[in-house]
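Enquirer: Quick one: this structure, given as structure tokens, is what I'll be asking you about.
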Amino acid sequence: MLDVVWLIPALPLAGFLLLVLFGRRLNEPRAGYLAAATCGGAFVVTVLAFFDMLSKSGQQRSHVVEVFSWIPVGSLEVKMAFLADPLSITMALFVTGIGTLIHLYAVGYMHGDPKFSKFFIYLNLFAFSMLMLVLGENLLVTFLGWEGVGTCSYFLISFWHTRESAATAGKKAFVTNRVGDWGVMTAMFLAFASVGTLSYKGINDAAIGGSLSHVTATAIALMLFIGACGKSAQLPLYIWLPDAMEGPTPVSALIHAATMVTAGVFLMTRMNPVIHEAYTWAPMIIAVVGAATALFAATIAVAQNDVKKVLAYSTVSQLGYMFLAVGSGAYIAAIFHMITHAFFKALLFLGSGSVIHGMHHEQDMRRMGALRKLMPVTAVTFIVGWLAIAGVPPFAGFWSKDEILLYVYANNRGLYVVGLVTALLTAYYMTRQVIMVFFGEARWNDHSEEHGAHGDFKPHESPRIMLLPLVVLAGLSIVGGALQLPFTKDLHFLEKWLEPVVEHGEAYIKGSWAYDNKYLLMGVAIVVAVAGIVVAVGVYDKKKLKAVEPEILANGWFYDRLVSNFMGGPGRRAFDAVAWADANVVDGAVRGTGVAVRSTSGIVRKLQSGFVRAYAAVIALAVLLMLVWFVYRGIA
Amino acid sequence: MFAAQAAGGSALSFPILTTLVLVPALGGILTILTSNRRPESTKFVALVASTVTAGLSIWLLSSFETADAGFQFVSQHPWIRDWGIGWHVGVDGISLFLVVLTGLLFPLVIAGIDPHHDHKRYLGWMLVLEAGVMGSFISLDLFLFFLFFEIVLVPMYFLIGGWGYDQRVYAATKFFLYTMFGSAFMLVGIVATAVLAKNSLGYVTFDLVQLAEGAEFAASSGRWLFMAFAIAFAVKVPLFPLHTWLPDAHTQAPTGGSVILAGVLLKLGTYGFLRFGLYLFPEASVWVRPLFLTLAVIGILWGAIAATMQKDLKRLVAYSSVAHLGFIVLGTFAFTSQALTGSVMQMVNHGISTGALFLLVGMIYERRQTREISQLTGLQAVAPIFAAAFMVVMLSSIGVPGLNGFVGEFLILIGSFGNARWWVVIGATGVILAALYLLWAYQRVFHGEPDEDNKSFAELRPREGILLLSFIAPIILMGVFPKPMLERIEPSVKALVAHVETNVGRGFEFEKKDIAPVVHSGTNPSETENKDDEGHGG
């Protein structure tokens, strides 16, 4: 089964091509079902590949399938090849699995949209690109997927392109990501210059074998991390992700929460031997950036009123957690959290989409409230997601977050405190959201006329096709933690499974204080989560405490505004200066020369208008004569 | 190995290259001779001539010997014996795809874009232009090359001046004078080369292969000669700061002229650097390397920044050419087979995607009578297929992997990184800017609500669709499966790199250096020992 691993991306690609050709004719809802079927087919193949791999042992679990030679020039030999190994299959499993659910959900969510089939064209192309990204055998195939998901993200963010804000957000996402892509490209150049190949195996083997110098390894790791900062929305490049919420909600769930934004974490994990070979300050930078992003975004989420913006900043924050794990050498914990996060954040986004759908496209949480009675399924599943992200045991998020914190403690206690504060804030802002949306008073009647509803405006529960994915994801958010339970070694399923991939880079903490006291740390984490929830209940439900939502947090510390003011101000003026200099200095010199020549040559001035024409005619004639002569000489 | 000549070439006894020049030339004359009253017969003649040329170029491609690095389909006849001037033509991997691109682009332009008046002269000039471009790409004689290089100017001048827009006379004059200025240097350079080569050869010849393989120049004179050629080519490319004729020429040229100008004409410059600069004066081209790498990188950034701020869509595309050609020059002066292969491929890529962009801008102008970005808005809402076509071409120009532009750009950058590291690191930021200026333009033109003026913007017509499809198909094909192209370019490029290395001596070994380990600043002894293992010996 591993030999046909190429089928996994090929199926969504086929769906994409079919929809490009026949999408309009298929129309709603068949186009959506076709797209979902190809994605589901990819999921089935992935599951089969997974079991096939499970039946093998150790090194045999890494399998390369070469399709064709893509870019071969001299010593550079880039193959269109796939690498099926525990890491890529794990990624493919949740990409196709959650992808299929979200395809189905979108059939309901996009109901009635005039560009219904086009939406699924993009969605299938995205699934294809994402699978290329995770299954690539070398950096360049991954980069193909990397840019592909970026492009699809651009298409989908600006899907409602007549809206100015959507169009701007799409462009912002693409350009910001390109900054990161510059890093990835430079990392590839470095890798090729020092190792002579772009294949993961070649580069990682060089790192493990010690033939990659520390300097080069550091440079590669940091350049890749710049790319990861772009794609996975870390400081200072995170600014595109909150704006990306302009896209339809299924897109936010699939691309901007569950799959694409985790690509950076995946890439760092893929290259973990190189990071391990880097100077120790390199992973430290990764950890610090991750921790800073986690805390920074969490503080912003506390003061957001848009139901999706809260989740967007929460995603940025949780991705920061994953990089904190990567920087601490806890790759398995990072992947673990990536998976559980994919479950519960996709769930939360889809839940918010269900709310938005039921509220006739209202996204302001201040106009919601008490929705649990009208949207029971959405409410219950959303609450499951909330408990999972808040870190309440036994929900999935608790286990993965706990494992990250364990490793971080062993690595650096200062960062552990940052992680803990973030956990507190996470529990707090998520509780705030749940209360504002589902509990308290119903505030939507006050604004019913704005929704265009006459008389009684009543939010409604979403159709079944949208609820099914919610239920499945809620189930996964409950049991997801079982992938890796901390109690005994036998329960470390994910660790055993991923071991061959992270053998070299994974931090070893057995015997550290943190490891010996892991139950104590677990207790601390639970206390923190509960504290966050209790405070939020006190503020937003019981109204005993005053809400703290300062302007500066609502505006995201003014960072985004600072960047756009810079771009629109000095940046734009600098660009204008170049354009001006081009027209007036560079071209001015040319025109100046022309004028000088003309004014010193009176004869030419007189003949000015006809001069060039005559000259051209003379040349043409001369050339013609020469040709005639040549033909004559040639014959003779 | 370049001297392989006919021996290494194909078995074709038919003088296919000569025919490739003659068919459009005769077609041009025939077109002029057709009756004024029957425009359709004029077009028919022009179409037949250009289609036959296209067929011949495909035949050329299919009979090209893939692994052969030398010149193929060579035909050689003496012309002016006393001066050693001859009709010496041939193609190798470097010129092959430029010839094919020329062969295919012209019939598309002739079939797809109609001039607004005076069909006969327009088509006549087009065909003369095609003959000139073809001749330039196949000439292996300096004098012959100069002849064709100059021939090209004349029809282009008349096409811009006769069928262009408001400022056409100014633009055409600027184009002509600017290029003539460069050519004057080249003419002097060519004559001087032949004269100076007599010292080492013992006879006067203008034959490229004999000069490159046999002649030896003192370092100082070689450098002067190189610079004389380089000025002509730098103007043609155009390389910063000699680029300002391009935005005017492009903007004012009729759509067909712009497509040809971007598609093949600019490549005469980059091709000239490879064929005459590097091949004839290896020592000098290594010597000027820092200068040209720097100008190339400045051009990438400067062109991209200037493009961002343009208010005219066509001018924006023109400035994007300056940036793209900067990449090609960067790869040219990196002297590795990856970078040079990338440069050659990027010449073709740029011809296709920028050619297609000019086509699309032309179609917008046809519909709206304006190219002002501020006048256009919301086109995607009214013409989604048109917008989709624009999108694909734009992504190719941005360099998204899976499309052709990426392969060339990537090869240039990765191939240059080994010995021009900092230039590459800075130049690669051009990929960010490319996304910025194109996406921003796309947003302003295609996104948003269409206003009154843009509401009736017509969707892509079938004829336009077919025309664009013939650009989009290679864009995808060359991006997904570039191997057949790369393996034909590579041998010749490798030979050129080897030629440069052997002639320069003094330990200039770029080809090996490009996979050598990164220079470490703080290495410990054990790593230094491992250095040899790091480079996987090519």
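Labels for the structure tokens follow display order: chains A, B, ..., residues from 1 in each chain, ligands from 1.
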Name all residues at most 7 Å from A:Ala166 (count only C-alpha atoms; drop same-chain ones fewer than 3 positions away) and give them as a count of residues only.
Expert: 9
Enquirer: What are the residues of chain A lining chain B at 8 Å or less? Count only C-alpha atoms, and put the answer as an MDAnalysis selection string.
Expert: chainID A and resid 69:76 143:144 147:148 161:164 167:168 171 174:175 178:179 182 186 188:190 192:196 206 210:216 575:576 578:579 582:583 586:587 612 616:617 619:620 623 630 633:634
Enquirer: List the neighbours of A:Pro459 out to 9 Å using only C-alpha atoms; skip same-chain residues closer than 2 positions along the sequence, and give me the result as a ChimeraX atom specification.
Expert: /A:355,357-360,371,374-375,444,457,461
Enquirer: Could you list, as JSON, numbers by chain, every residue within 8 Å of B:Phe106, counting only C-alpha atoms and ignoring same-chain residues fewer than 2 positions away?
Expert: {"B": [50, 102, 103, 104, 108, 109, 110, 126, 130, 260]}
Enquirer: Can those selected residues be exported to a file as a short mmCIF file (atom, residue, chain, number, x, y, z; two decimals), in the first residue's frame so that it contains C-alpha atoms?
Expert:
data_model
loop_
_atom_site.label_atom_id
_atom_site.label_comp_id
_atom_site.auth_asym_id
_atom_site.auth_seq_id
_atom_site.Cartn_x
_atom_site.Cartn_y
_atom_site.Cartn_z
CA SER B 50 4.74 32.15 -39.85
CA THR B 102 10.36 32.74 -31.73
CA GLY B 103 8.90 30.25 -34.18
CA LEU B 104 5.79 29.67 -32.10
CA LEU B 108 0.15 33.29 -32.38
CA VAL B 109 0.62 37.03 -32.41
CA ILE B 110 -0.22 37.26 -36.09
CA MET B 126 6.19 41.49 -38.32
CA GLU B 130 10.75 37.38 -37.20
CA ILE B 260 7.23 40.18 -29.29
#
Enquirer: Within 8 Å of B:Pro39, counting only C-alpha atoms, which residues qualify if same-chain residues fewer than 4 places away don't, as number ranges by chain?
Expert: B: 35, 43, 119-120
Enquirer: Could you please determine the separation between atom CA of B:Gly124 and atom CA of B:Asp312 in Å, to one decimal place?
Expert: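 Here the two named atoms are 29.7 Å from each other.
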Enquirer: Which of these residues is nearest to A:Val472, using only C-alpha atoms: A:Ala36, A:Val392, A:Leu324, A:Leu104?
Expert: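 Of A:Ala36, A:Val392, A:Leu324, A:Leu104, the one nearest A:Val472 is A:Leu104, counting only C-alpha atoms.
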Enquirer: Give me, as a list in words, all polymer residues having an atom no more than 12 Å from A:Leu17, counting only C-alpha atoms and skipping those fewer than 2 positions away in the same chain.
Expert: Ala10, Leu11, Pro12, Leu13, Ala14, Gly15, Leu19, Val20, Leu21, Phe22, Gly23, Ala31, Leu34, Ala35, Thr38, Lys118, Phe120, Ile121, Tyr122, Leu123, Asn124, Leu125 and Phe128 of chain A
Enquirer: Using the selection just defined, write its residues with N, CA and C atoms as a PDB file, in the first residue's frame.
Expert:
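Output file again-v1.pdb is given in full below:
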ATOM      1  N   ALA A  10      -2.970  12.606  -5.241  1.00  0.00           N
ATOM      2  CA  ALA A  10      -3.513  12.550  -6.605  1.00  0.00           C
ATOM      3  C   ALA A  10      -5.035  12.614  -6.615  1.00  0.00           C
ATOM      4  N   LEU A  11      -5.666  12.049  -5.598  1.00  0.00           N
ATOM      5  CA  LEU A  11      -7.132  12.046  -5.597  1.00  0.00           C
ATOM      6  C   LEU A  11      -7.725  13.457  -5.501  1.00  0.00           C
ATOM      7  N   PRO A  12      -7.290  14.264  -4.521  1.00  0.00           N
ATOM      8  CA  PRO A  12      -7.808  15.642  -4.528  1.00  0.00           C
ATOM      9  C   PRO A  12      -7.433  16.403  -5.802  1.00  0.00           C
ATOM     10  N   LEU A  13      -6.266  16.079  -6.362  1.00  0.00           N
ATOM     11  CA  LEU A  13      -5.875  16.735  -7.610  1.00  0.00           C
ATOM     12  C   LEU A  13      -6.865  16.386  -8.715  1.00  0.00           C
ATOM     13  N   ALA A  14      -7.231  15.100  -8.762  1.00  0.00           N
ATOM     14  CA  ALA A  14      -8.219  14.673  -9.760  1.00  0.00           C
ATOM     15  C   ALA A  14      -9.534  15.403  -9.527  1.00  0.00           C
ATOM     16  N   GLY A  15      -9.906  15.528  -8.256  1.00  0.00           N
ATOM     17  CA  GLY A  15     -11.134  16.255  -7.939  1.00  0.00           C
ATOM     18  C   GLY A  15     -11.053  17.695  -8.420  1.00  0.00           C
ATOM     19  N   LEU A  19     -13.427  19.328 -11.247  1.00  0.00           N
ATOM     20  CA  LEU A  19     -14.265  20.478 -10.923  1.00  0.00           C
ATOM     21  C   LEU A  19     -13.964  21.681 -11.807  1.00  0.00           C
ATOM     22  N   VAL A  20     -12.673  21.810 -12.200  1.00  0.00           N
ATOM     23  CA  VAL A  20     -12.344  22.899 -13.115  1.00  0.00           C
ATOM     24  C   VAL A  20     -13.107  22.700 -14.426  1.00  0.00           C
ATOM     25  N   LEU A  21     -13.160  21.433 -14.862  1.00  0.00           N
ATOM     26  CA  LEU A  21     -13.802  21.160 -16.152  1.00  0.00           C
ATOM     27  C   LEU A  21     -15.324  21.140 -16.044  1.00  0.00           C
ATOM     28  N   PHE A  22     -15.826  20.466 -14.995  1.00  0.00           N
ATOM     29  CA  PHE A  22     -17.279  20.239 -14.954  1.00  0.00           C
ATOM     30  C   PHE A  22     -17.970  20.880 -13.757  1.00  0.00           C
ATOM     31  N   GLY A  23     -17.204  21.644 -12.970  1.00  0.00           N
ATOM     32  CA  GLY A  23     -17.763  22.188 -11.734  1.00  0.00           C
ATOM     33  C   GLY A  23     -19.075  22.931 -11.926  1.00  0.00           C
ATOM     34  N   ALA A  31     -21.095  19.227  -6.764  1.00  0.00           N
ATOM     35  CA  ALA A  31     -19.685  19.611  -6.811  1.00  0.00           C
ATOM     36  C   ALA A  31     -19.044  19.427  -5.438  1.00  0.00           C
ATOM     37  N   LEU A  34     -18.559  15.718  -4.714  1.00  0.00           N
ATOM     38  CA  LEU A  34     -17.424  15.176  -5.468  1.00  0.00           C
ATOM     39  C   LEU A  34     -16.117  15.536  -4.769  1.00  0.00           C
ATOM     40  N   ALA A  35     -16.004  16.794  -4.383  1.00  0.00           N
ATOM     41  CA  ALA A  35     -14.784  17.246  -3.704  1.00  0.00           C
ATOM     42  C   ALA A  35     -14.584  16.464  -2.411  1.00  0.00           C
ATOM     43  N   THR A  38     -13.366  12.888  -3.104  1.00  0.00           N
ATOM     44  CA  THR A  38     -11.944  12.707  -3.426  1.00  0.00           C
ATOM     45  C   THR A  38     -11.101  12.846  -2.174  1.00  0.00           C
ATOM     46  N   LYS A 118     -16.917  26.788  -7.309  1.00  0.00           N
ATOM     47  CA  LYS A 118     -15.579  27.352  -7.307  1.00  0.00           C
ATOM     48  C   LYS A 118     -14.924  27.178  -5.938  1.00  0.00           C
ATOM     49  N   PHE A 120     -15.223  24.750  -3.975  1.00  0.00           N
ATOM     50  CA  PHE A 120     -14.682  23.394  -3.822  1.00  0.00           C
ATOM     51  C   PHE A 120     -13.494  23.136  -4.744  1.00  0.00           C
ATOM     52  N   ILE A 121     -13.416  23.880  -5.833  1.00  0.00           N
ATOM     53  CA  ILE A 121     -12.208  23.808  -6.665  1.00  0.00           C
ATOM     54  C   ILE A 121     -11.008  24.193  -5.798  1.00  0.00           C
ATOM     55  N   TYR A 122     -11.144  25.317  -5.123  1.00  0.00           N
ATOM     56  CA  TYR A 122     -10.044  25.801  -4.285  1.00  0.00           C
ATOM     57  C   TYR A 122      -9.769  24.841  -3.126  1.00  0.00           C
ATOM     58  N   LEU A 123     -10.858  24.324  -2.549  1.00  0.00           N
ATOM     59  CA  LEU A 123     -10.689  23.465  -1.386  1.00  0.00           C
ATOM     60  C   LEU A 123      -9.939  22.183  -1.759  1.00  0.00           C
ATOM     61  N   ASN A 124     -10.285  21.621  -2.927  1.00  0.00           N
ATOM     62  CA  ASN A 124      -9.573  20.428  -3.378  1.00  0.00           C
ATOM     63  C   ASN A 124      -8.130  20.731  -3.721  1.00  0.00           C
ATOM     64  N   LEU A 125      -7.900  21.874  -4.350  1.00  0.00           N
ATOM     65  CA  LEU A 125      -6.528  22.254  -4.678  1.00  0.00           C
ATOM     66  C   LEU A 125      -5.731  22.438  -3.392  1.00  0.00           C
ATOM     67  N   PHE A 128      -4.838  18.989  -2.029  1.00  0.00           N
ATOM     68  CA  PHE A 128      -3.725  18.462  -2.825  1.00  0.00           C
ATOM     69  C   PHE A 128      -2.406  19.089  -2.378  1.00  0.00           C
TER      70      PHE A 128
END
Enquirer: Near B:Ile373, within 7 Å and counting only C-alpha atoms, which residues show up once chain neighbours fewer than 2 positions away are dropped, as a PDB file with N, CA, C and O atoms, in the first residue's frame?
Expert:
ATOM      1  N   LYS B 311       1.088  53.503 -12.300  1.00  0.00           N
ATOM      2  CA  LYS B 311      -0.357  53.722 -12.368  1.00  0.00           C
ATOM      3  C   LYS B 311      -0.951  53.124 -13.632  1.00  0.00           C
ATOM      4  O   LYS B 311      -2.148  52.938 -13.742  1.00  0.00           O
ATOM      5  N   ASP B 312      -0.073  52.814 -14.581  1.00  0.00           N
ATOM      6  CA  ASP B 312      -0.501  52.245 -15.849  1.00  0.00           C
ATOM      7  C   ASP B 312      -0.165  50.752 -15.830  1.00  0.00           C
ATOM      8  O   ASP B 312       0.975  50.366 -15.573  1.00  0.00           O
ATOM      9  N   LEU B 313      -1.162  49.930 -16.084  1.00  0.00           N
ATOM     10  CA  LEU B 313      -0.981  48.486 -15.948  1.00  0.00           C
ATOM     11  C   LEU B 313       0.115  47.968 -16.881  1.00  0.00           C
ATOM     12  O   LEU B 313       0.902  47.100 -16.521  1.00  0.00           O
ATOM     13  N   ARG B 371      -5.675  51.869 -19.678  1.00  0.00           N
ATOM     14  CA  ARG B 371      -4.850  50.920 -18.926  1.00  0.00           C
ATOM     15  C   ARG B 371      -4.595  51.447 -17.524  1.00  0.00           C
ATOM     16  O   ARG B 371      -3.815  50.892 -16.776  1.00  0.00           O
ATOM     17  N   GLN B 375      -8.787  53.262 -13.125  1.00  0.00           N
ATOM     18  CA  GLN B 375     -10.035  53.246 -13.891  1.00  0.00           C
ATOM     19  C   GLN B 375     -10.673  51.859 -13.923  1.00  0.00           C
ATOM     20  O   GLN B 375     -11.791  51.702 -14.372  1.00  0.00           O
ATOM     21  N   LEU B 376      -9.904  50.878 -13.506  1.00  0.00           N
ATOM     22  CA  LEU B 376     -10.387  49.501 -13.617  1.00  0.00           C
ATOM     23  C   LEU B 376     -10.707  48.978 -12.223  1.00  0.00           C
ATOM     24  O   LEU B 376      -9.945  49.196 -11.289  1.00  0.00           O
ATOM     25  N   ARG B 444      -6.581  45.679  -7.264  1.00  0.00           N
ATOM     26  CA  ARG B 444      -7.216  46.926  -7.678  1.00  0.00           C
ATOM     27  C   ARG B 444      -8.014  46.750  -8.964  1.00  0.00           C
ATOM     28  O   ARG B 444      -9.066  47.351  -9.134  1.00  0.00           O
ATOM     29  N   VAL B 445      -7.504  45.890  -9.855  1.00  0.00           N
ATOM     30  CA  VAL B 445      -8.172  45.757 -11.151  1.00  0.00           C
ATOM     31  C   VAL B 445      -9.311  44.747 -11.106  1.00  0.00           C
ATOM     32  O   VAL B 445     -10.380  44.964 -11.670  1.00  0.00           O
TER      33      VAL B 445
END
